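File shown here: entry-v3.txt, holding compact mmCIF, C-alpha atoms and all ligand atoms.
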# COMPACT_ATOMS: atom_id res chain seq x y z
CA MET T 1 41.69 141.74 38.33
CA ASN T 2 44.46 139.16 38.80
CA ARG T 3 44.43 137.70 42.25
CA GLN T 4 46.65 135.38 44.25
CA ASP T 5 44.80 132.10 44.80
CA ASN T 6 46.48 129.11 46.40
CA GLN T 7 49.89 130.33 45.28
CA GLN T 8 48.60 130.66 41.70
CA THR T 9 47.48 133.68 39.78
CA ARG T 10 44.24 133.10 37.95
CA ALA T 11 43.14 135.65 35.38
CA SER T 12 39.78 137.24 36.08
CA VAL T 13 37.31 136.09 33.47
CA PHE T 14 35.83 139.62 33.53
CA ASP T 15 39.11 141.03 32.19
CA LEU T 16 39.04 138.89 29.04
CA SER T 17 37.87 140.18 25.68
CA TYR T 18 35.82 137.75 23.62
CA SER T 19 38.82 136.85 21.46
CA GLN T 20 40.95 136.28 24.58
CA LEU T 21 38.30 133.93 25.97
CA GLU T 22 38.11 132.16 22.64
CA ALA T 23 41.89 131.67 22.67
CA ARG T 24 41.68 130.24 26.20
CA MET T 25 38.99 127.82 25.12
CA GLN T 26 41.03 126.77 22.12
CA GLY T 27 43.93 126.16 24.50
CA LEU T 28 41.64 123.76 26.33
CA GLY T 29 40.86 121.99 23.07
CA GLN T 30 37.35 123.45 22.86
CA PRO T 31 35.50 124.67 19.74
CA SER T 32 34.76 128.38 19.52
CA PHE T 33 31.02 127.98 20.23
CA ARG T 34 32.01 126.98 23.77
CA ALA T 35 33.50 130.47 24.23
CA ARG T 36 30.17 131.92 23.19
CA GLN T 37 28.36 129.79 25.77
CA VAL T 38 30.69 130.86 28.57
CA TRP T 39 30.47 134.50 27.44
CA GLN T 40 26.68 134.42 27.69
CA TRP T 41 26.77 132.81 31.14
CA ILE T 42 29.08 135.56 32.35
CA TRP T 43 27.63 138.71 30.80
CA GLN T 44 23.99 137.90 30.04
CA LYS T 45 23.07 135.54 32.86
CA GLY T 46 25.43 136.88 35.54
CA CYS T 47 26.32 133.32 36.52
CA PRO T 48 28.49 133.43 39.66
CA ASP T 49 29.92 129.89 39.46
CA PHE T 50 31.41 127.78 36.66
CA ALA T 51 29.74 124.73 38.25
CA ARG T 52 26.35 126.20 37.30
CA MET T 53 27.17 126.47 33.57
CA THR T 54 25.11 123.41 32.86
CA ASN T 55 25.54 123.24 29.09
CA LEU T 56 29.30 122.63 29.59
CA SER T 57 30.76 119.26 30.49
CA LYS T 58 31.64 118.68 34.12
CA GLU T 59 35.30 118.32 33.21
CA LEU T 60 35.35 121.62 31.31
CA ARG T 61 33.66 123.42 34.20
CA HIS T 62 36.36 122.06 36.50
CA ARG T 63 39.17 123.16 34.15
CA LEU T 64 37.68 126.64 33.81
CA ALA T 65 37.43 127.00 37.58
CA GLN T 66 41.09 126.06 37.86
CA GLU T 67 42.20 128.57 35.24
CA LEU T 68 39.88 131.53 35.60
CA ASP T 69 38.60 133.62 38.48
CA LEU T 70 34.85 134.31 38.41
CA ARG T 71 34.64 136.43 41.54
CA LEU T 72 33.47 140.03 41.40
CA PRO T 73 34.95 142.68 43.70
CA ALA T 74 33.17 142.87 47.06
CA LEU T 75 30.47 145.47 47.63
CA SER T 76 31.87 146.84 50.88
CA GLY T 77 29.49 149.75 51.32
CA LEU T 78 26.13 150.90 50.08
CA ALA T 79 24.44 154.20 50.91
CA SER T 80 20.95 155.31 49.93
CA SER T 81 19.90 158.92 49.59
CA ARG T 82 16.52 160.37 50.49
CA ASP T 83 16.04 161.10 46.77
CA GLY T 84 16.59 157.44 45.77
CA THR T 85 20.23 157.78 44.69
CA LYS T 86 22.41 154.83 45.72
CA LYS T 87 26.16 154.90 46.10
CA GLY T 88 28.21 151.72 46.20
CA LEU T 89 31.77 151.16 47.33
CA LEU T 90 33.75 148.32 45.76
CA SER T 91 36.81 146.74 47.39
CA LEU T 92 39.22 145.64 44.68
CA TYR T 93 41.58 142.64 44.86
CA ASP T 94 44.50 144.81 46.05
CA GLY T 95 42.53 146.62 48.77
CA GLN T 96 41.90 149.76 46.69
CA GLU T 97 38.34 151.07 46.61
CA VAL T 98 36.16 152.82 44.05
CA GLU T 99 32.68 154.24 44.11
CA TRP T 100 29.77 154.11 41.69
CA VAL T 101 26.43 155.89 41.84
CA LEU T 102 22.94 154.86 40.69
CA ILE T 103 20.86 157.94 39.91
CA PRO T 104 17.06 157.67 39.61
CA ASP T 105 15.40 159.53 36.74
CA LYS T 106 11.63 159.37 36.03
CA ASP T 107 11.33 155.59 35.47
CA HIS T 108 14.87 154.26 35.28
CA PHE T 109 18.35 154.46 36.77
CA THR T 110 21.56 155.84 35.32
CA LEU T 111 24.81 154.33 36.54
CA CYS T 112 27.76 156.66 36.94
CA LEU T 113 30.88 154.51 37.05
CA SER T 114 34.59 155.00 37.76
CA THR T 115 37.55 154.21 35.53
CA GLN T 116 40.51 154.95 37.81
CA VAL T 117 41.31 154.89 41.50
CA GLY T 118 41.90 158.62 42.00
CA CYS T 119 42.85 160.92 39.15
CA SER T 120 46.08 162.58 38.06
CA LEU T 121 44.48 165.75 36.74
CA GLY T 122 43.56 167.47 40.00
CA CYS T 123 40.74 169.71 38.76
CA THR T 124 40.27 172.17 41.60
CA PHE T 125 36.50 171.64 41.98
CA CYS T 126 36.66 167.83 42.17
CA SER T 127 37.09 165.68 45.26
CA THR T 128 38.56 162.81 43.24
CA GLY T 129 41.23 165.15 41.95
CA ARG T 130 42.36 165.79 45.55
CA MET T 131 43.26 162.10 45.93
CA GLY T 132 45.92 162.06 43.23
CA PHE T 133 46.29 159.10 40.92
CA VAL T 134 46.50 155.61 42.42
CA ARG T 135 45.92 153.21 39.51
CA ASN T 136 43.85 152.41 36.46
CA LEU T 137 40.93 150.03 36.75
CA THR T 138 40.92 146.96 34.53
CA SER T 139 38.07 146.52 32.06
CA GLY T 140 36.69 143.82 34.36
CA GLU T 141 36.71 146.20 37.33
CA ILE T 142 34.94 148.84 35.25
CA LEU T 143 32.23 146.41 34.15
CA ALA T 144 31.95 144.84 37.61
CA GLN T 145 30.30 148.12 38.62
CA VAL T 146 27.54 147.46 36.06
CA LEU T 147 27.03 143.88 37.24
CA ILE T 148 27.00 144.77 40.93
CA ALA T 149 24.75 147.80 40.51
CA THR T 150 22.33 145.57 38.59
CA GLN T 151 22.40 143.05 41.45
CA VAL T 152 21.70 145.85 43.94
CA LEU T 153 18.61 146.88 41.97
CA GLU T 154 17.45 143.27 41.71
CA GLU T 155 17.90 142.67 45.44
CA ALA T 156 15.98 145.87 46.18
CA ARG T 157 13.25 144.56 43.82
CA SER T 158 13.41 147.84 41.96
CA SER T 159 10.83 148.09 39.20
CA TRP T 160 13.05 150.67 37.51
CA PRO T 161 15.69 149.20 35.19
CA LEU T 162 19.29 150.30 34.76
CA ARG T 163 19.02 152.06 31.43
CA ASN T 164 21.97 154.44 31.00
CA ILE T 165 25.68 154.21 31.77
CA VAL T 166 27.84 157.31 32.13
CA PHE T 167 31.62 157.15 32.49
CA MET T 168 31.71 160.17 34.79
CA GLY T 169 32.82 158.76 38.13
CA MET T 170 36.32 158.71 39.55
CA GLY T 171 39.10 159.16 37.02
CA GLU T 172 39.65 160.43 33.48
CA PRO T 173 38.42 157.64 31.16
CA LEU T 174 40.64 158.54 28.22
CA LEU T 175 43.78 158.29 30.38
CA ASN T 176 42.83 154.62 30.77
CA TRP T 177 41.81 154.21 27.17
CA SER T 178 42.87 150.61 26.49
CA GLN T 179 40.79 149.26 29.41
CA VAL T 180 37.89 151.66 28.79
CA HIS T 181 37.85 150.64 25.12
CA LYS T 182 37.75 146.96 26.06
CA GLY T 183 34.98 147.64 28.59
CA LEU T 184 32.92 149.67 26.10
CA THR T 185 33.21 146.88 23.54
CA ILE T 186 31.70 144.36 25.99
CA LEU T 187 29.10 146.88 27.19
CA ARG T 188 27.90 147.36 23.61
CA ASP T 189 28.27 143.73 22.47
CA PRO T 190 24.77 142.24 21.85
CA MET T 191 26.14 138.96 23.21
CA GLY T 192 27.72 140.86 26.11
CA LEU T 193 25.84 143.49 28.12
CA GLY T 194 24.02 144.78 25.04
CA PHE T 195 23.70 148.53 25.77
CA SER T 196 22.94 150.70 22.74
CA HIS T 197 25.14 153.62 21.71
CA ARG T 198 22.74 156.26 22.94
CA ARG T 199 22.58 154.66 26.40
CA VAL T 200 26.32 155.01 27.03
CA THR T 201 28.22 158.28 27.49
CA VAL T 202 31.91 158.84 28.13
CA SER T 203 32.90 162.14 29.73
CA THR T 204 36.40 163.50 29.24
CA VAL T 205 38.36 166.69 29.76
CA GLY T 206 39.97 165.94 26.38
CA VAL T 207 43.12 163.88 25.90
CA PRO T 208 45.16 164.49 22.75
CA GLY T 209 45.01 161.65 20.23
CA THR T 210 42.80 159.48 22.38
CA LEU T 211 39.81 161.83 22.11
CA THR T 212 39.74 161.38 18.34
CA ALA T 213 40.42 157.65 18.65
CA PHE T 214 37.46 157.30 21.02
CA ALA T 215 35.13 159.33 18.78
CA GLN T 216 36.10 157.19 15.79
CA THR T 217 35.00 154.00 17.54
CA GLY T 218 31.38 155.20 17.73
CA LEU T 219 31.03 153.07 20.86
CA ALA T 220 29.45 155.76 23.03
CA SER T 221 28.26 159.36 23.11
CA LEU T 222 30.78 162.03 23.98
CA ALA T 223 30.55 164.53 26.83
CA VAL T 224 33.29 167.09 27.35
CA SER T 225 34.12 168.56 30.74
CA LEU T 226 34.69 172.16 29.66
CA HIS T 227 33.85 174.25 32.75
CA ALA T 228 35.54 177.44 31.49
CA PRO T 229 34.95 179.57 28.38
CA ASN T 230 38.57 180.65 27.91
CA GLN T 231 42.04 179.20 28.38
CA ALA T 232 43.01 181.56 31.23
CA LEU T 233 40.07 180.50 33.40
CA ARG T 234 40.42 176.86 32.41
CA ARG T 235 44.08 176.99 33.43
CA GLN T 236 43.01 178.37 36.80
CA ILE T 237 40.37 175.76 37.62
CA MET T 238 41.63 172.77 35.58
CA PRO T 239 45.39 173.33 35.42
CA ALA T 240 46.54 169.88 34.30
CA ALA T 241 43.69 169.38 31.81
CA SER T 242 44.33 172.79 30.25
CA ARG T 243 48.01 171.89 29.74
CA LEU T 244 47.15 168.46 28.37
CA LEU T 245 44.98 169.90 25.61
CA PRO T 246 44.76 173.72 25.46
CA LEU T 247 41.26 175.05 24.85
CA SER T 248 41.83 176.11 21.23
CA ASP T 249 43.21 172.63 20.38
CA LEU T 250 40.32 171.01 22.23
CA MET T 251 37.78 173.01 20.21
CA ASP T 252 39.57 172.20 16.93
CA THR T 253 39.53 168.51 17.83
CA LEU T 254 35.82 168.58 18.74
CA GLN T 255 34.87 170.44 15.57
CA ALA T 256 36.68 167.85 13.46
CA ILE T 257 34.61 164.97 14.88
CA PRO T 258 32.03 163.89 12.31
CA LEU T 259 28.52 163.75 13.81
CA LYS T 260 25.35 162.19 12.48
CA PRO T 261 22.49 164.63 11.68
CA ARG T 262 20.84 164.44 15.11
CA GLN T 263 23.99 163.78 17.10
CA ARG T 264 25.34 166.39 19.53
CA ILE T 265 28.38 166.60 21.77
CA THR T 266 27.42 167.29 25.38
CA VAL T 267 29.34 170.15 26.95
CA GLU T 268 29.51 169.96 30.74
CA TYR T 269 29.85 173.26 32.58
CA ILE T 270 29.97 173.30 36.37
CA LEU T 271 28.95 176.68 37.77
CA LEU T 272 31.28 177.81 40.56
CA GLY T 273 29.97 180.71 42.64
CA GLY T 274 31.60 183.99 41.54
CA VAL T 275 34.23 182.21 39.42
CA ASN T 276 32.75 181.20 36.06
CA ASP T 277 29.04 181.95 36.48
CA GLY T 278 28.85 185.59 35.31
CA LEU T 279 27.18 186.93 32.19
CA ASN T 280 30.58 187.74 30.68
CA GLN T 281 31.48 184.08 30.91
CA ALA T 282 28.09 183.10 29.45
CA ARG T 283 28.83 185.40 26.48
CA ASP T 284 32.32 183.90 26.03
CA LEU T 285 30.89 180.40 26.27
CA ASN T 286 28.26 181.14 23.63
CA ARG T 287 30.95 182.51 21.32
CA LEU T 288 33.26 179.56 21.93
CA LEU T 289 30.53 177.05 21.14
CA SER T 290 29.02 178.89 18.18
CA ARG T 291 30.54 176.48 15.64
CA LEU T 292 30.07 173.26 17.60
CA LYS T 293 27.03 170.97 17.33
CA CYS T 294 26.42 170.61 21.03
CA LYS T 295 24.05 170.75 23.95
CA ILE T 296 25.14 172.39 27.19
CA ASN T 297 24.71 170.74 30.55
CA LEU T 298 24.92 173.25 33.39
CA ILE T 299 25.63 171.87 36.86
CA SER T 300 25.57 173.85 40.08
CA PHE T 301 28.69 173.18 42.15
CA ASN T 302 28.17 171.03 45.23
CA PRO T 303 30.26 172.46 48.06
CA ALA T 304 32.57 170.10 49.93
CA PRO T 305 34.77 171.02 52.91
CA GLU T 306 38.00 170.23 51.06
CA LEU T 307 37.14 172.30 47.98
CA PRO T 308 37.75 176.07 47.68
CA TYR T 309 34.46 177.06 46.01
CA THR T 310 30.91 177.97 46.92
CA ALA T 311 27.65 177.10 45.19
CA PRO T 312 26.53 179.67 42.61
CA ASP T 313 23.76 182.10 43.45
CA PRO T 314 20.45 180.73 42.05
CA ASP T 315 19.82 184.07 40.30
CA ALA T 316 23.22 183.87 38.61
CA VAL T 317 22.43 180.32 37.47
CA ALA T 318 19.07 181.43 36.07
CA ALA T 319 20.64 184.40 34.26
CA PHE T 320 23.43 182.24 32.82
CA GLU T 321 20.96 179.67 31.55
CA HIS T 322 18.58 182.32 30.20
CA PHE T 323 21.36 184.07 28.27
CA LEU T 324 22.50 180.88 26.57
CA ARG T 325 18.95 179.91 25.67
CA SER T 326 18.30 183.39 24.28
CA LYS T 327 21.22 182.79 21.91
CA GLY T 328 19.67 179.57 20.64
CA GLN T 329 21.79 177.14 22.63
CA THR T 330 20.23 173.90 23.87
CA VAL T 331 20.70 174.00 27.63
CA THR T 332 19.79 171.68 30.47
CA LEU T 333 20.31 172.55 34.09
CA ARG T 334 21.11 169.34 35.86
CA LYS T 335 19.71 168.91 39.29
CA SER T 336 22.31 167.19 41.41
CA LYS T 337 21.15 164.16 43.33
CA GLY T 338 22.57 162.22 46.24
CA GLN T 339 24.06 165.23 48.02
CA ASP T 340 23.12 163.85 51.45
CA ILE T 341 25.31 160.78 50.79
CA GLN T 342 28.05 162.78 49.02
CA ALA T 343 27.23 161.08 45.73
CA ALA T 344 26.61 164.24 43.72
CA CYS T 345 28.70 165.67 40.95
CA GLY T 346 32.31 166.28 41.94
CA GLN T 347 31.85 164.66 45.32
CA LEU T 348 33.25 161.15 44.85
CA ARG T 349 36.38 160.58 46.82
CA ASN T 350 37.72 157.29 47.92
CA SER T 351 38.99 157.25 51.45
CA PRO T 352 41.87 154.79 51.83
CA GLY T 353 41.82 152.81 55.03
CA ARG T 354 38.16 153.45 55.60
CA SER T 355 36.50 150.49 57.18
CA ASN T 356 33.00 149.71 56.03
CA ALA T 357 32.88 145.98 55.80
CA GLY T 358 29.68 144.27 54.88
CA SER T 359 26.95 145.91 52.89
CA ALA T 360 25.49 147.95 55.69
CA LEU T 361 23.73 151.16 54.78
CA GLU T 362 25.93 154.05 55.60
CA PRO T 363 24.10 157.33 55.26
CA ASN T 364 27.34 159.27 55.13
CA MET T 365 29.71 157.08 53.19
CA GLU T 366 32.41 159.17 51.52
CA ARG T 367 31.98 160.42 47.98
CA GLY T 368 34.00 161.42 44.93
CA MET T 369 33.56 162.00 41.18
CA HIS T 370 34.60 163.16 37.74
CA ALA T 371 32.04 165.86 37.33
CA GLN T 372 28.52 164.96 36.54
CA THR T 373 25.73 163.22 38.29
S1 LIG U 1 36.92 166.33 37.13
FE1 LIG U 1 37.49 164.35 36.17
S2 LIG U 1 39.50 164.78 35.24
FE2 LIG U 1 39.16 166.42 36.74
S3 LIG U 1 40.13 165.66 38.65
FE3 LIG U 1 37.95 165.05 38.71
S4 LIG U 1 37.94 162.98 37.90
FE4 LIG U 1 39.89 163.90 37.26
Can you turn what I pasted into structure tokens?
Amino acid sequence: MNRQDNQQTRASVFDLSYSQLEARMQGLGQPSFRARQVWQWIWQKGCPDFARMTNLSKELRHRLAQELDLRLPALSGLASSRDGTKKGLLSLYDGQEVEWVLIPDKDHFTLCLSTQVGCSLGCTFCSTGRMGFVRNLTSGEILAQVLIATQVLEEARSSWPLRNIVFMGMGEPLLNWSQVHKGLTILRDPMGLGFSHRRVTVSTVGVPGTLTAFAQTGLASLAVSLHAPNQALRRQIMPAASRLLPLSDLMDTLQAIPLKPRQRITVEYILLGGVNDGLNQARDLNRLLSRLKCKINLISFNPAPELPYTAPDPDAVAAFEHFLRSKGQTVTLRKSKGQDIQAACGQLRNSPGRSNAGSALEPNMERGMHAQT
């Protein structure tokens, strides 16, 4: 999140890891406990101004303000759905924009956040994929979505807390692994944002090497965007992802991930009308997953004008789900939310050049997404 300020480039404080902040503080001749104090002001208290960090000396506050940028990206659009879903649009320092979605569930919200502007993988059922890849988000830009979504809930006086974070918005998280890793570390840090492992999920199509590296960190739960029960169909609907890690290699990699007794990998399967929603595909899927400790998340496709698919027939969805359950699979059928504001699964798509200054409610702000609200 580097920005040009008065001819100088100040690093965004939100892009620093704890050790990087500590090194900065040492450079200013400060003991390491000062780094801890600043860290808590930033991540736990959401302090928007160095001048308000009252347990630091006035001189240190001044030096920090000279060296580090404490501004968050601007919330340039906010849309609210009839079902309570909220979609936010962030304007980044270079004019790029990304979307995040707050999804209500019983008594809390889940935040679906983005990790890239656009996506290079071009899955054929995903609006984000139509944009192509623009750039990776920094760890600070990823976490800014958490901070701003929290502010939105506070300003709305929501009695429901933000409880879960899912990395399922725009972009493939594991193609931006270094920044996602840094962001996850701060998200989980008890002195940072303090989310527990089971409250954070990263969704990926599967990236060779990085998938195993992510699983080994234990920083978050794993969800895999599978969407097809065989390589031929996966190649058809997810051409780049199926080349990146062919289905048989993906399954081998998943089966090699050690899981705790009650831990499961979530398998995401978007049902596309007449494409992958037949009983033959349900049979193939059951066979494919027979040796994997997993739960299956079925999602009905949300049609969008730019995408070449239709929603599945409700009877086909019911039959697909019933078959898998009859074989002993754990299945949930996710009800998409936020369709009226284009915030549902597969619908996030940033629209460059769109003008929506201010935080006005825009019932039809654009949408775009990885694959799973
Ligand atoms: S589904 Fe995910 S990986 Fe595929 S194009 Fe969309 S954002 Fe990229």
Distance query Lys327 in chain T at most 10 Å, all atoms listed in the file, self and fewer than 5 positions along chain excluded, as a list of chain:residue names: T:Arg283, T:Asn286, T:Arg287, T:Ser290, T:His322
Counting only C-alpha atoms, which residues have an atom no more than 12 Å from (37.2, 181.8, 32.6) in the file's coordinates? Please list them as a PDB file with C-alpha atoms, in the frame of the given file.
ATOM      1  CA  LEU T 226      34.690 172.160  29.660  1.00  0.00           C
ATOM      2  CA  HIS T 227      33.850 174.250  32.750  1.00  0.00           C
ATOM      3  CA  ALA T 228      35.540 177.440  31.490  1.00  0.00           C
ATOM      4  CA  PRO T 229      34.950 179.570  28.380  1.00  0.00           C
ATOM      5  CA  ASN T 230      38.570 180.650  27.910  1.00  0.00           C
ATOM      6  CA  GLN T 231      42.040 179.200  28.380  1.00  0.00           C
ATOM      7  CA  ALA T 232      43.010 181.560  31.230  1.00  0.00           C
ATOM      8  CA  LEU T 233      40.070 180.500  33.400  1.00  0.00           C
ATOM      9  CA  ARG T 234      40.420 176.860  32.410  1.00  0.00           C
ATOM     10  CA  ARG T 235      44.080 176.990  33.430  1.00  0.00           C
ATOM     11  CA  GLN T 236      43.010 178.370  36.800  1.00  0.00           C
ATOM     12  CA  ILE T 237      40.370 175.760  37.620  1.00  0.00           C
ATOM     13  CA  MET T 238      41.630 172.770  35.580  1.00  0.00           C
ATOM     14  CA  SER T 242      44.330 172.790  30.250  1.00  0.00           C
ATOM     15  CA  LEU T 247      41.260 175.050  24.850  1.00  0.00           C
ATOM     16  CA  TYR T 269      29.850 173.260  32.580  1.00  0.00           C
ATOM     17  CA  ILE T 270      29.970 173.300  36.370  1.00  0.00           C
ATOM     18  CA  LEU T 271      28.950 176.680  37.770  1.00  0.00           C
ATOM     19  CA  LEU T 272      31.280 177.810  40.560  1.00  0.00           C
ATOM     20  CA  GLY T 274      31.600 183.990  41.540  1.00  0.00           C
ATOM     21  CA  VAL T 275      34.230 182.210  39.420  1.00  0.00           C
ATOM     22  CA  ASN T 276      32.750 181.200  36.060  1.00  0.00           C
ATOM     23  CA  ASP T 277      29.040 181.950  36.480  1.00  0.00           C
ATOM     24  CA  GLY T 278      28.850 185.590  35.310  1.00  0.00           C
ATOM     25  CA  LEU T 279      27.180 186.930  32.190  1.00  0.00           C
ATOM     26  CA  ASN T 280      30.580 187.740  30.680  1.00  0.00           C
ATOM     27  CA  GLN T 281      31.480 184.080  30.910  1.00  0.00           C
ATOM     28  CA  ALA T 282      28.090 183.100  29.450  1.00  0.00           C
ATOM     29  CA  ARG T 283      28.830 185.400  26.480  1.00  0.00           C
ATOM     30  CA  ASP T 284      32.320 183.900  26.030  1.00  0.00           C
ATOM     31  CA  LEU T 285      30.890 180.400  26.270  1.00  0.00           C
ATOM     32  CA  LEU T 288      33.260 179.560  21.930  1.00  0.00           C
TER      33      LEU T 288
END
Would you mind listing, for every residue of chain T within 7 Å of ligand LIG 1 (chain U), the two atoms forming the shortest contact and the distance between them in Å to one decimal, using all atoms listed in the file, sorted by chain and ascending residue number, as CSV?
residue,atom,partner,partner_atom,distance
T:Cys119,CA,U:LIG1,FE4,4.6
T:Ser120,CA,U:LIG1,FE4,6.4
T:Leu121,CA,U:LIG1,S3,4.8
T:Gly122,CA,U:LIG1,S3,4.1
T:Cys123,CA,U:LIG1,S3,4.1
T:Cys126,CA,U:LIG1,FE3,4.6
T:Ser127,CA,U:LIG1,FE3,6.6
T:Thr128,CA,U:LIG1,FE3,5.1
T:Gly129,CA,U:LIG1,S3,3.5
T:Gly169,CA,U:LIG1,S4,6.6
T:Met170,CA,U:LIG1,S4,4.9
T:Gly171,CA,U:LIG1,S4,4.1
T:Glu172,CA,U:LIG1,S2,4.7
T:Thr204,CA,U:LIG1,S2,6.9
T:Val205,CA,U:LIG1,S2,5.9
T:Met238,CA,U:LIG1,FE2,6.9
T:Gly346,CA,U:LIG1,FE3,6.6
T:Met369,CA,U:LIG1,S4,5.6
T:His370,CA,U:LIG1,S4,3.3
T:Ala371,CA,U:LIG1,S1,4.9
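Residue nearest Ala156 in chain T within the list T:Val224, T:Ala240, T:Ala256, T:Leu78: T:Leu78 [criterion: smallest interatomic distance, all atoms listed in the file].
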9 Å contact set for Glu321 in chain T, all atoms listed in the file, chain neighbours under 6 positions out, as a PyMOL selection string: chain T and resi 282+298+331-333
Gap from CA of Thr9 in chain T to CA of Ala51 in chain T - Å, one decimal: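 Straight-line distance from CA of Thr9 in chain T to CA of Ala51 in chain T works out to 19.9 Å.
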Gap from CA of Gln30 in chain T to CA of Arg63 in chain T - Å, one decimal: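 Computing it gives 11.4 Å between the two atoms.
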